[in-house]
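entry_23.cif follows; it contains mmCIF, C-alpha atoms.
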data_target
loop_
_atom_site.group_PDB
_atom_site.id
_atom_site.type_symbol
_atom_site.label_atom_id
_atom_site.label_comp_id
_atom_site.auth_asym_id
_atom_site.auth_seq_id
_atom_site.Cartn_x
_atom_site.Cartn_y
_atom_site.Cartn_z
ATOM 1 C CA MET A 1 15.667 7.521 -1.800
ATOM 2 C CA SER A 2 15.344 4.225 -3.625
ATOM 3 C CA GLY A 3 14.246 0.725 -2.771
ATOM 4 C CA LYS A 4 13.975 -2.832 -4.031
ATOM 5 C CA TYR A 5 11.525 -5.706 -4.351
ATOM 6 C CA ASN A 6 11.391 -8.405 -1.700
ATOM 7 C CA GLU A 7 10.318 -12.027 -1.926
ATOM 8 C CA GLU A 8 6.691 -11.014 -1.260
ATOM 9 C CA LYS A 9 6.601 -8.973 -4.509
ATOM 10 C CA LYS A 10 6.545 -5.755 -2.511
ATOM 11 C CA TYR A 11 8.745 -2.782 -3.316
ATOM 12 C CA VAL A 12 10.268 -1.428 -0.093
ATOM 13 C CA ILE A 13 12.145 1.714 0.863
ATOM 14 C CA GLU A 14 13.624 2.633 4.227
ATOM 15 C CA SER A 15 13.770 6.204 5.401
ATOM 16 C CA GLU A 16 13.387 8.541 8.367
ATOM 17 C CA VAL A 17 10.599 11.086 8.851
ATOM 18 C CA PRO A 18 12.126 14.526 8.103
ATOM 19 C CA CYS A 19 11.189 17.801 9.775
ATOM 20 C CA TYR A 20 9.458 19.171 6.647
ATOM 21 C CA ASP A 21 6.978 16.272 6.605
ATOM 22 C CA VAL A 22 5.579 16.762 10.110
ATOM 23 C CA ASP A 23 3.048 19.124 11.669
ATOM 24 C CA SER A 24 3.182 21.126 14.908
ATOM 25 C CA ASN A 25 2.523 17.895 16.834
ATOM 26 C CA PHE A 26 5.694 16.367 15.286
ATOM 27 C CA MET A 27 3.467 13.887 13.418
ATOM 28 C CA MET A 28 3.590 13.066 9.706
ATOM 29 C CA ARG A 29 1.120 15.149 7.732
ATOM 30 C CA PRO A 30 -1.377 13.275 5.506
ATOM 31 C CA ALA A 31 -0.107 15.102 2.402
ATOM 32 C CA ALA A 32 3.429 13.965 3.249
ATOM 33 C CA PHE A 33 2.300 10.350 3.252
ATOM 34 C CA MET A 34 0.698 10.947 -0.150
ATOM 35 C CA ASP A 35 3.958 12.399 -1.481
ATOM 36 C CA LEU A 36 5.829 9.324 -0.299
ATOM 37 C CA ALA A 37 3.198 6.998 -1.720
ATOM 38 C CA GLN A 38 3.338 8.642 -5.146
ATOM 39 C CA GLU A 39 7.122 8.454 -5.297
ATOM 40 C CA ILE A 40 7.330 4.812 -4.267
ATOM 41 C CA ALA A 41 4.513 3.931 -6.697
ATOM 42 C CA TYR A 42 6.474 5.442 -9.597
ATOM 43 C CA GLN A 43 9.681 3.728 -8.470
ATOM 44 C CA ALA A 44 7.965 0.356 -8.112
ATOM 45 C CA ALA A 45 6.321 0.575 -11.544
ATOM 46 C CA THR A 46 9.574 1.695 -13.164
ATOM 47 C CA ALA A 47 11.457 -1.241 -11.657
ATOM 48 C CA LEU A 48 9.018 -3.610 -13.389
ATOM 49 C CA GLY A 49 9.032 -1.795 -16.731
ATOM 50 C CA PHE A 50 5.714 0.041 -16.686
ATOM 51 C CA GLY A 51 6.618 3.326 -15.020
ATOM 52 C CA TYR A 52 6.612 6.964 -16.100
ATOM 53 C CA ASP A 53 9.368 6.705 -18.710
ATOM 54 C CA GLU A 54 7.918 3.653 -20.425
ATOM 55 C CA LEU A 55 4.404 5.120 -20.626
ATOM 56 C CA GLN A 56 5.724 8.505 -21.757
ATOM 57 C CA LYS A 57 7.108 6.854 -24.896
ATOM 58 C CA GLU A 58 3.523 5.885 -25.726
ATOM 59 C CA GLY A 59 2.152 9.346 -24.883
ATOM 60 C CA LYS A 60 0.512 7.987 -21.726
ATOM 61 C CA ALA A 61 0.837 8.468 -17.979
ATOM 62 C CA TRP A 62 -0.400 6.884 -14.766
ATOM 63 C CA VAL A 63 -2.886 9.148 -12.987
ATOM 64 C CA LEU A 64 -4.125 8.621 -9.439
ATOM 65 C CA SER A 65 -7.932 8.554 -9.368
ATOM 66 C CA ARG A 66 -8.785 7.609 -5.768
ATOM 67 C CA MET A 67 -6.916 6.976 -2.554
ATOM 68 C CA HIS A 68 -7.865 5.905 0.952
ATOM 69 C CA PHE A 69 -5.414 5.640 3.826
ATOM 70 C CA GLU A 70 -5.669 5.102 7.569
ATOM 71 C CA PHE A 71 -3.364 6.270 10.343
ATOM 72 C CA LEU A 72 -3.159 3.565 13.009
ATOM 73 C CA ARG A 73 -0.527 5.792 14.588
ATOM 74 C CA HIS A 74 1.070 8.829 12.993
ATOM 75 C CA PRO A 75 4.793 8.401 12.241
ATOM 76 C CA LEU A 76 6.853 10.870 14.275
ATOM 77 C CA TRP A 77 9.678 13.223 13.382
ATOM 78 C CA ARG A 78 12.986 11.345 13.023
ATOM 79 C CA GLU A 79 11.259 7.962 13.373
ATOM 80 C CA GLY A 80 12.767 5.285 11.168
ATOM 81 C CA ILE A 81 10.198 3.928 8.721
ATOM 82 C CA GLU A 82 9.776 1.210 6.109
ATOM 83 C CA LEU A 83 7.302 1.949 3.307
ATOM 84 C CA ALA A 84 6.124 -0.873 1.056
ATOM 85 C CA THR A 85 3.917 -0.918 -2.031
ATOM 86 C CA TRP A 86 2.565 -3.604 -4.321
ATOM 87 C CA HIS A 87 0.150 -3.722 -7.233
ATOM 88 C CA LYS A 88 -2.948 -5.910 -7.138
ATOM 89 C CA GLY A 89 -4.009 -5.881 -10.790
ATOM 90 C CA PRO A 90 -7.020 -4.402 -12.594
ATOM 91 C CA TYR A 91 -10.369 -3.724 -10.932
ATOM 92 C CA GLY A 92 -13.002 -2.449 -13.357
ATOM 93 C CA PRO A 93 -11.610 0.694 -15.003
ATOM 94 C CA PHE A 94 -8.898 1.017 -12.327
ATOM 95 C CA TYR A 95 -5.545 -0.520 -11.526
ATOM 96 C CA LEU A 96 -5.063 -1.082 -7.785
ATOM 97 C CA ARG A 97 -1.967 -0.427 -5.695
ATOM 98 C CA ASP A 98 -1.679 -0.790 -1.904
ATOM 99 C CA PHE A 99 0.736 0.623 0.681
ATOM 100 C CA SER A 100 1.905 -0.112 4.192
ATOM 101 C CA LEU A 101 4.181 1.981 6.392
ATOM 102 C CA LYS A 102 5.847 0.433 9.439
ATOM 103 C CA ASN A 103 8.446 1.606 11.919
ATOM 104 C CA LYS A 104 11.774 -0.174 12.281
ATOM 105 C CA GLY A 105 10.243 -2.342 14.993
ATOM 106 C CA GLY A 106 7.639 -3.698 12.558
ATOM 107 C CA GLU A 107 4.674 -1.762 14.007
ATOM 108 C CA LEU A 108 2.120 -0.961 11.285
ATOM 109 C CA LEU A 109 1.526 2.795 11.328
ATOM 110 C CA VAL A 110 -0.265 3.611 8.073
ATOM 111 C CA ARG A 111 -2.064 1.504 5.494
ATOM 112 C CA GLY A 112 -3.597 2.592 2.225
ATOM 113 C CA THR A 113 -5.077 1.618 -1.091
ATOM 114 C CA SER A 114 -5.160 3.524 -4.370
ATOM 115 C CA SER A 115 -6.905 3.318 -7.726
ATOM 116 C CA TRP A 116 -5.134 4.449 -10.906
ATOM 117 C CA VAL A 117 -6.095 5.106 -14.523
ATOM 118 C CA ILE A 118 -4.087 5.693 -17.700
ATOM 119 C CA LEU A 119 -4.186 9.144 -19.286
ATOM 120 C CA ASP A 120 -3.483 10.067 -22.893
ATOM 121 C CA VAL A 121 -1.270 13.062 -22.136
ATOM 122 C CA LYS A 122 -1.935 14.899 -25.412
ATOM 123 C CA GLN A 123 -5.681 14.320 -25.609
ATOM 124 C CA ARG A 124 -6.169 14.513 -21.810
ATOM 125 C CA THR A 125 -8.511 11.519 -22.017
ATOM 126 C CA MET A 126 -8.536 8.152 -20.260
ATOM 127 C CA CYS A 127 -7.105 5.155 -22.076
ATOM 128 C CA ARG A 128 -8.240 1.567 -21.907
ATOM 129 C CA MET A 129 -6.443 -0.383 -19.216
ATOM 130 C CA ALA A 130 -5.833 -3.087 -21.849
ATOM 131 C CA ASP A 131 -3.468 -0.651 -23.587
ATOM 132 C CA VAL A 132 -0.842 -1.170 -20.876
ATOM 133 C CA LEU A 133 -1.627 -4.554 -19.340
ATOM 134 C CA THR A 134 0.769 -6.230 -21.773
ATOM 135 C CA MET A 135 3.582 -4.151 -20.230
ATOM 136 C CA ILE A 136 2.949 -5.494 -16.717
ATOM 137 C CA PRO A 137 4.569 -8.835 -15.798
ATOM 138 C CA GLU A 138 1.800 -11.265 -14.873
ATOM 139 C CA ASP A 139 3.831 -12.834 -12.070
ATOM 140 C CA SER A 140 4.435 -9.459 -10.370
ATOM 141 C CA VAL A 141 0.927 -9.079 -8.918
ATOM 142 C CA CYS A 142 0.622 -9.381 -5.135
ATOM 143 C CA PRO A 143 -2.985 -10.118 -4.049
ATOM 144 C CA GLU A 144 -2.488 -9.097 -0.410
ATOM 145 C CA HIS A 145 -4.725 -6.294 0.868
ATOM 146 C CA ALA A 146 -3.498 -3.415 2.985
ATOM 147 C CA ILE A 147 -7.146 -2.319 2.904
ATOM 148 C CA GLU A 148 -9.475 -4.875 1.365
ATOM 149 C CA ARG A 149 -12.073 -2.496 -0.060
ATOM 150 C CA PRO A 150 -10.926 -0.197 -2.895
ATOM 151 C CA ALA A 151 -11.169 3.518 -2.169
ATOM 152 C CA ASP A 152 -14.796 4.664 -2.201
ATOM 153 C CA LYS A 153 -16.428 7.414 -4.187
ATOM 154 C CA VAL A 154 -16.669 10.505 -1.967
ATOM 155 C CA MET A 155 -19.874 12.532 -2.036
ATOM 156 C CA MET A 156 -21.372 15.262 0.106
ATOM 157 C CA PRO A 157 -24.275 13.859 2.151
ATOM 158 C CA ARG A 158 -27.550 14.255 0.296
ATOM 159 C CA GLY A 159 -29.363 17.459 1.182
ATOM 160 C CA ALA A 160 -26.300 18.951 2.867
ATOM 161 C CA GLU A 161 -25.606 22.661 2.694
ATOM 162 C CA PRO A 162 -21.800 23.074 2.770
ATOM 163 C CA GLU A 163 -20.227 26.384 3.693
ATOM 164 C CA GLN A 164 -17.851 28.316 1.456
ATOM 165 C CA ALA A 165 -14.233 27.784 2.487
ATOM 166 C CA GLY A 166 -12.331 30.158 0.220
ATOM 167 C CA VAL A 167 -10.772 30.086 -3.237
ATOM 168 C CA HIS A 168 -7.365 28.693 -4.155
ATOM 169 C CA LYS A 169 -5.589 29.765 -7.333
ATOM 170 C CA VAL A 170 -3.386 27.020 -8.758
ATOM 171 C CA GLU A 171 0.192 28.307 -8.666
ATOM 172 C CA PHE A 172 3.655 27.122 -9.698
ATOM 173 C CA SER A 173 4.204 25.076 -6.522
ATOM 174 C CA ASP A 174 0.971 23.113 -7.094
ATOM 175 C CA VAL A 175 1.784 21.709 -10.552
ATOM 176 C CA ASP A 176 3.424 18.329 -11.230
ATOM 177 C CA VAL A 177 5.500 16.751 -14.012
ATOM 178 C CA ILE A 178 2.557 16.151 -16.364
ATOM 179 C CA GLY A 179 1.307 19.719 -16.068
ATOM 180 C CA HIS A 180 -1.621 19.438 -13.680
ATOM 181 C CA THR A 181 -2.106 19.899 -9.946
ATOM 182 C CA ASN A 182 -0.221 17.334 -7.917
ATOM 183 C CA ASN A 183 -2.519 14.978 -6.016
ATOM 184 C CA ALA A 184 -1.172 15.779 -2.568
ATOM 185 C CA ARG A 185 -1.871 19.490 -3.045
ATOM 186 C CA TYR A 186 -5.622 18.852 -2.988
ATOM 187 C CA VAL A 187 -5.257 17.321 0.458
ATOM 188 C CA VAL A 188 -3.232 20.349 1.575
ATOM 189 C CA TRP A 189 -5.990 22.701 0.374
ATOM 190 C CA ALA A 190 -8.681 20.572 2.051
ATOM 191 C CA MET A 191 -6.914 20.444 5.396
ATOM 192 C CA ASP A 192 -6.097 24.145 5.286
ATOM 193 C CA SER A 193 -9.821 24.829 5.156
ATOM 194 C CA ILE A 194 -10.228 23.250 8.628
ATOM 195 C CA ASP A 195 -9.563 25.249 11.787
ATOM 196 C CA PHE A 196 -5.940 24.921 12.929
ATOM 197 C CA ASP A 197 -6.761 24.300 16.606
ATOM 198 C CA GLU A 198 -9.207 21.537 15.699
ATOM 199 C CA LEU A 199 -6.634 19.736 13.553
ATOM 200 C CA LYS A 200 -4.002 20.125 16.275
ATOM 201 C CA ALA A 201 -6.344 18.582 18.858
ATOM 202 C CA ARG A 202 -7.778 15.912 16.558
ATOM 203 C CA PRO A 203 -5.214 14.215 14.302
ATOM 204 C CA VAL A 204 -6.579 12.704 11.088
ATOM 205 C CA LYS A 205 -7.623 9.058 11.517
ATOM 206 C CA ASP A 206 -8.336 8.284 7.894
ATOM 207 C CA LEU A 207 -8.741 10.133 4.636
ATOM 208 C CA THR A 208 -10.295 9.355 1.254
ATOM 209 C CA VAL A 209 -9.737 11.559 -1.774
ATOM 210 C CA ASN A 210 -11.197 11.403 -5.292
ATOM 211 C CA PHE A 211 -9.560 13.182 -8.217
ATOM 212 C CA ILE A 212 -12.318 13.951 -10.695
ATOM 213 C CA HIS A 213 -11.221 16.709 -13.092
ATOM 214 C CA GLU A 214 -7.687 17.943 -13.546
ATOM 215 C CA THR A 215 -6.773 21.517 -12.681
ATOM 216 C CA LYS A 216 -3.890 23.552 -14.079
ATOM 217 C CA ALA A 217 -1.910 26.693 -13.347
ATOM 218 C CA GLY A 218 -4.119 29.748 -13.159
ATOM 219 C CA ASP A 219 -7.338 27.860 -12.370
ATOM 220 C CA GLU A 220 -9.305 29.189 -9.407
ATOM 221 C CA ILE A 221 -10.758 26.431 -7.236
ATOM 222 C CA ALA A 222 -13.701 27.261 -4.968
ATOM 223 C CA LEU A 223 -13.657 25.195 -1.776
ATOM 224 C CA GLU A 224 -16.765 23.994 0.054
ATOM 225 C CA LYS A 225 -16.804 22.102 3.336
ATOM 226 C CA LEU A 226 -19.274 20.330 5.570
ATOM 227 C CA LYS A 227 -18.613 19.318 9.164
ATOM 228 C CA VAL A 228 -20.467 16.288 10.586
ATOM 229 C CA GLU A 229 -20.332 15.490 14.304
ATOM 230 C CA ASN A 230 -20.809 11.735 14.744
ATOM 231 C CA GLU A 231 -22.531 9.935 17.617
ATOM 232 C CA ASP A 232 -19.261 8.354 18.782
ATOM 233 C CA GLY A 233 -17.702 11.797 19.264
ATOM 234 C CA SER A 234 -15.621 11.702 16.095
ATOM 235 C CA ILE A 235 -15.832 14.360 13.404
ATOM 236 C CA THR A 236 -16.062 13.932 9.639
ATOM 237 C CA TYR A 237 -15.328 16.647 7.110
ATOM 238 C CA PHE A 238 -16.433 16.582 3.493
ATOM 239 C CA ILE A 239 -14.533 19.039 1.303
ATOM 240 C CA ASP A 240 -15.098 19.667 -2.410
ATOM 241 C CA GLY A 241 -13.040 21.765 -4.773
ATOM 242 C CA LYS A 242 -14.919 23.185 -7.762
ATOM 243 C CA LEU A 243 -13.693 24.670 -11.012
ATOM 244 C CA ALA A 244 -16.589 26.682 -12.466
ATOM 245 C CA ASP A 245 -19.497 24.209 -12.458
ATOM 246 C CA LYS A 246 -17.352 21.044 -12.221
ATOM 247 C CA THR A 247 -16.170 19.250 -9.094
ATOM 248 C CA ALA A 248 -12.409 18.859 -9.436
ATOM 249 C CA PHE A 249 -11.825 16.809 -6.270
ATOM 250 C CA SER A 250 -13.636 15.518 -3.176
ATOM 251 C CA VAL A 251 -12.095 14.672 0.185
ATOM 252 C CA LYS A 252 -13.512 12.888 3.221
ATOM 253 C CA ILE A 253 -11.551 13.287 6.453
ATOM 254 C CA ASN A 254 -12.308 11.440 9.693
ATOM 255 C CA MET A 255 -10.845 12.865 12.893
#
Same coordinates, now as structure tokens:
Amino acid sequence: MSGKYNEEKKYVIESEVPCYDVDSNFMMRPAAFMDLAQEIAYQAATALGFGYDELQKEGKAWVLSRMHFEFLRHPLWREGIELATWHKGPYGPFYLRDFSLKNKGGELLVRGTSSWVILDVKQRTMCRMADVLTMIPEDSVCPEHAIERPADKVMMPRGAEPEQAGVHKVEFSDVDVIGHTNNARYVVWAMDSIDFDELKARPVKDLTVNFIHETKAGDEIALEKLKVENEDGSITYFIDGKLADKTAFSVKINM
């Protein structure tokens, strides 16, 4: 699966929703959208000369810090789709990248925004964004917003008492190419902590995830969740994953 840039400075790939990316309702799972988004982000950056291979030579890597995406309608099994991504430039300590997913008829199905940082792979510390800005062509930025507001910081409501939702040990299938848990796996763990029948009856409307501390193979992540029933009848879940006394990730799911 590969794509190309269009005249709008967006990198676009065309595909079809496969069976392994959908749930029991035949709808694309949120973690599957995240997998697609990560792959197209790496492809798009590589095509412009600031992707994984180029940063690896400098001992650095792009790391996803926050992501927010909304399902206007879930893509369906075997539906033809067009996924686009574009980078919007620096924003404070982050570098912003947006996404849109449409069907072949041009209907917007999913939109998202993401915030990235640069990691020193050996030291496992954040680098200054200025260290890589010289690698990014100035005329490649697209200022268009899929979602205007950058992904928010996710926090449990003040005074909340979340319930314990199990422990997940990081295993082989969780770990990515730079040796830590792949971003989409956190969303899998979070959603698996919610009752199956509730998720089947209430598809995810939007999801925000923060990646706070990396986790690696063998780590045991304690999950905590809080369910909030909103006045409009919708439901919001807050789910944290903790490694010892540190929060590794936080997810907010609206259904």
Centre, x/y/z edge lengths, axis-aligned box for stretch 79-83 of chain A with 8 Å per side, as lines of an AutoDock Vina configuration file:
center_x = 10.0
center_y = 4.6
center_z = 8.3
size_x = 21.5
size_y = 22.8
size_z = 26.1
**Request:** For the structure provided, state which residues fall under the PyMOL selection byres ((chain A and resi 182) around 12), and present them as number ranges by chain.
**Result:** A: 31, 34-35, 38-39, 63-65, 170-181, 183-189, 211, 214-217, 249
Keeping only C-alpha atoms, write the selected residues as a PDB file, in the coordinates of the input.
ATOM      1  CA  ALA A  31      -0.107  15.102   2.402  1.00  0.00           C
ATOM      2  CA  MET A  34       0.698  10.947  -0.150  1.00  0.00           C
ATOM      3  CA  ASP A  35       3.958  12.399  -1.481  1.00  0.00           C
ATOM      4  CA  GLN A  38       3.338   8.642  -5.146  1.00  0.00           C
ATOM      5  CA  GLU A  39       7.122   8.454  -5.297  1.00  0.00           C
ATOM      6  CA  VAL A  63      -2.886   9.148 -12.987  1.00  0.00           C
ATOM      7  CA  LEU A  64      -4.125   8.621  -9.439  1.00  0.00           C
ATOM      8  CA  SER A  65      -7.932   8.554  -9.368  1.00  0.00           C
ATOM      9  CA  VAL A 170      -3.386  27.020  -8.758  1.00  0.00           C
ATOM     10  CA  GLU A 171       0.192  28.307  -8.666  1.00  0.00           C
ATOM     11  CA  PHE A 172       3.655  27.122  -9.698  1.00  0.00           C
ATOM     12  CA  SER A 173       4.204  25.076  -6.522  1.00  0.00           C
ATOM     13  CA  ASP A 174       0.971  23.113  -7.094  1.00  0.00           C
ATOM     14  CA  VAL A 175       1.784  21.709 -10.552  1.00  0.00           C
ATOM     15  CA  ASP A 176       3.424  18.329 -11.230  1.00  0.00           C
ATOM     16  CA  VAL A 177       5.500  16.751 -14.012  1.00  0.00           C
ATOM     17  CA  ILE A 178       2.557  16.151 -16.364  1.00  0.00           C
ATOM     18  CA  GLY A 179       1.307  19.719 -16.068  1.00  0.00           C
ATOM     19  CA  HIS A 180      -1.621  19.438 -13.680  1.00  0.00           C
ATOM     20  CA  THR A 181      -2.106  19.899  -9.946  1.00  0.00           C
ATOM     21  CA  ASN A 183      -2.519  14.978  -6.016  1.00  0.00           C
ATOM     22  CA  ALA A 184      -1.172  15.779  -2.568  1.00  0.00           C
ATOM     23  CA  ARG A 185      -1.871  19.490  -3.045  1.00  0.00           C
ATOM     24  CA  TYR A 186      -5.622  18.852  -2.988  1.00  0.00           C
ATOM     25  CA  VAL A 187      -5.257  17.321   0.458  1.00  0.00           C
ATOM     26  CA  VAL A 188      -3.232  20.349   1.575  1.00  0.00           C
ATOM     27  CA  TRP A 189      -5.990  22.701   0.374  1.00  0.00           C
ATOM     28  CA  PHE A 211      -9.560  13.182  -8.217  1.00  0.00           C
ATOM     29  CA  GLU A 214      -7.687  17.943 -13.546  1.00  0.00           C
ATOM     30  CA  THR A 215      -6.773  21.517 -12.681  1.00  0.00           C
ATOM     31  CA  LYS A 216      -3.890  23.552 -14.079  1.00  0.00           C
ATOM     32  CA  ALA A 217      -1.910  26.693 -13.347  1.00  0.00           C
ATOM     33  CA  PHE A 249     -11.825  16.809  -6.270  1.00  0.00           C
TER      34      PHE A 249
END
**Prompt:** Could you write out as a PyMOL selection string the residues that the PyMOL selection byres ((chain A and resi 198-205) around 7) matches in the shown file?
**Reply:** chain A and resi 25+70-71+195-197+206+253-255
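Closest approach to A:Pro90 from the set A:Thr236, A:Ser15, A:Ser114, A:Thr208 is made by A:Ser114, with distances taken over all atoms listed in the file.
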**Request:** Evaluate the PyMOL selection byres ((chain A and resi 18) around 6) here and jot the selected residues down as a list of chain:residue names.
**Result:**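 This file, filtered by the PyMOL selection byres ((chain A and resi 18) around 6), leaves A:Val17, A:Cys19, A:Tyr20, A:Asp21, A:Trp77, A:Arg78.
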**Message:** Which residues are near A:Ala44? Cut-off 12 Å, all atoms listed in the file, ignore same chain within fewer than 5 positions. Put them as number ranges by chain.
**Reply:** A: 2-6, 9-13, 37-39, 49-52, 83-87, 97-99, 136, 140-141
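Interatomic distance, atom CA of A:Asp219 to atom CA of A:Leu119: 20.2 Å.
For the atom pair formed by atom CA of A:Lys246 and atom CA of A:Lys60, the distance is 24.1 Å, given to one decimal.
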**Request:** Go through A:Gln56, A:Asn103, A:Ser250, A:Thr113 one by one, measure the shortest atom-to-atom distance of each to A:Pro75 using all atoms listed in the file, and give the residue with the smallest value.
**Result:**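 For A:Pro75, the nearest of the given residues is A:Asn103.
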**Request:** Could you check which of A:Val117, A:Ile239, A:Cys142, A:Val110 is closest to A:Ala130, using only C-alpha atoms?
**Result:** A:Val117
**Item:** For A:Phe94: contacts at 7 Å, all atoms listed in the file, fewer than 2 positions along chain excluded, given as a ChimeraX atom specification
**Value:** /A:90-92,96,115-117
Next, the residues of the selection above should be written as a PDB file, keeping the file's coordinate frame with C-alpha atoms.
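Written file, out-v7.pdb:
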ATOM      1  CA  PRO A  90      -7.020  -4.402 -12.594  1.00  0.00           C
ATOM      2  CA  TYR A  91     -10.369  -3.724 -10.932  1.00  0.00           C
ATOM      3  CA  GLY A  92     -13.002  -2.449 -13.357  1.00  0.00           C
ATOM      4  CA  LEU A  96      -5.063  -1.082  -7.785  1.00  0.00           C
ATOM      5  CA  SER A 115      -6.905   3.318  -7.726  1.00  0.00           C
ATOM      6  CA  TRP A 116      -5.134   4.449 -10.906  1.00  0.00           C
ATOM      7  CA  VAL A 117      -6.095   5.106 -14.523  1.00  0.00           C
TER       8      VAL A 117
END
**Item:** Non-local contacts of A:Val154 (9 Å; all atoms listed in the file; under 6 positions in same chain excluded) as a list in words
**Value:**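 So, after excluding close chain neighbours, the residues are Thr208, Val209, Asn210, Phe238, Ser250, Val251 and Lys252 of chain A.
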Output C-alpha atoms for every residue in the selection just made, as a compact mmCIF listing (two decimals), in the coordinates of the input.
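Output file out_31.txt is given in full below:
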# COMPACT_ATOMS: atom_id res chain seq x y z
CA THR A 208 -10.30 9.36 1.25
CA VAL A 209 -9.74 11.56 -1.77
CA ASN A 210 -11.20 11.40 -5.29
CA PHE A 238 -16.43 16.58 3.49
CA SER A 250 -13.64 15.52 -3.18
CA VAL A 251 -12.10 14.67 0.18
CA LYS A 252 -13.51 12.89 3.22
**Item:** Atom-to-atom span, atom CA of A:Glu107 and atom CA of A:Phe69, Å
**Value:**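 Rounded to one decimal, the two atoms are 16.1 Å apart.
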**Asked** From the list A:Arg66, A:Met126, A:Glu58, A:Glu231, which residue is nearest A:Ile212 when using only C-alpha atoms?
**Response** A:Arg66
**Request:** Can you work out which one of A:Pro157, A:Gly241, A:Gly59, A:Gly233 has the shortest atom-to-atom distance to A:Lys122, counting only C-alpha atoms?
**Result:**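 Among the listed residues, A:Gly59 lies closest to A:Lys122.
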**Prompt:** Which is closest to A:Asp192 among A:Glu224, A:Glu161, A:Glu79, A:Glu8, if we use only C-alpha atoms?
**Reply:** A:Glu224
**Asked** Using only C-alpha atoms, which residues sit within 8 Å of A:Ala165 once same-chain residues fewer than 4 positions away are excluded, as a PyMOL selection string?
**Response** chain A and resi 193+222-225
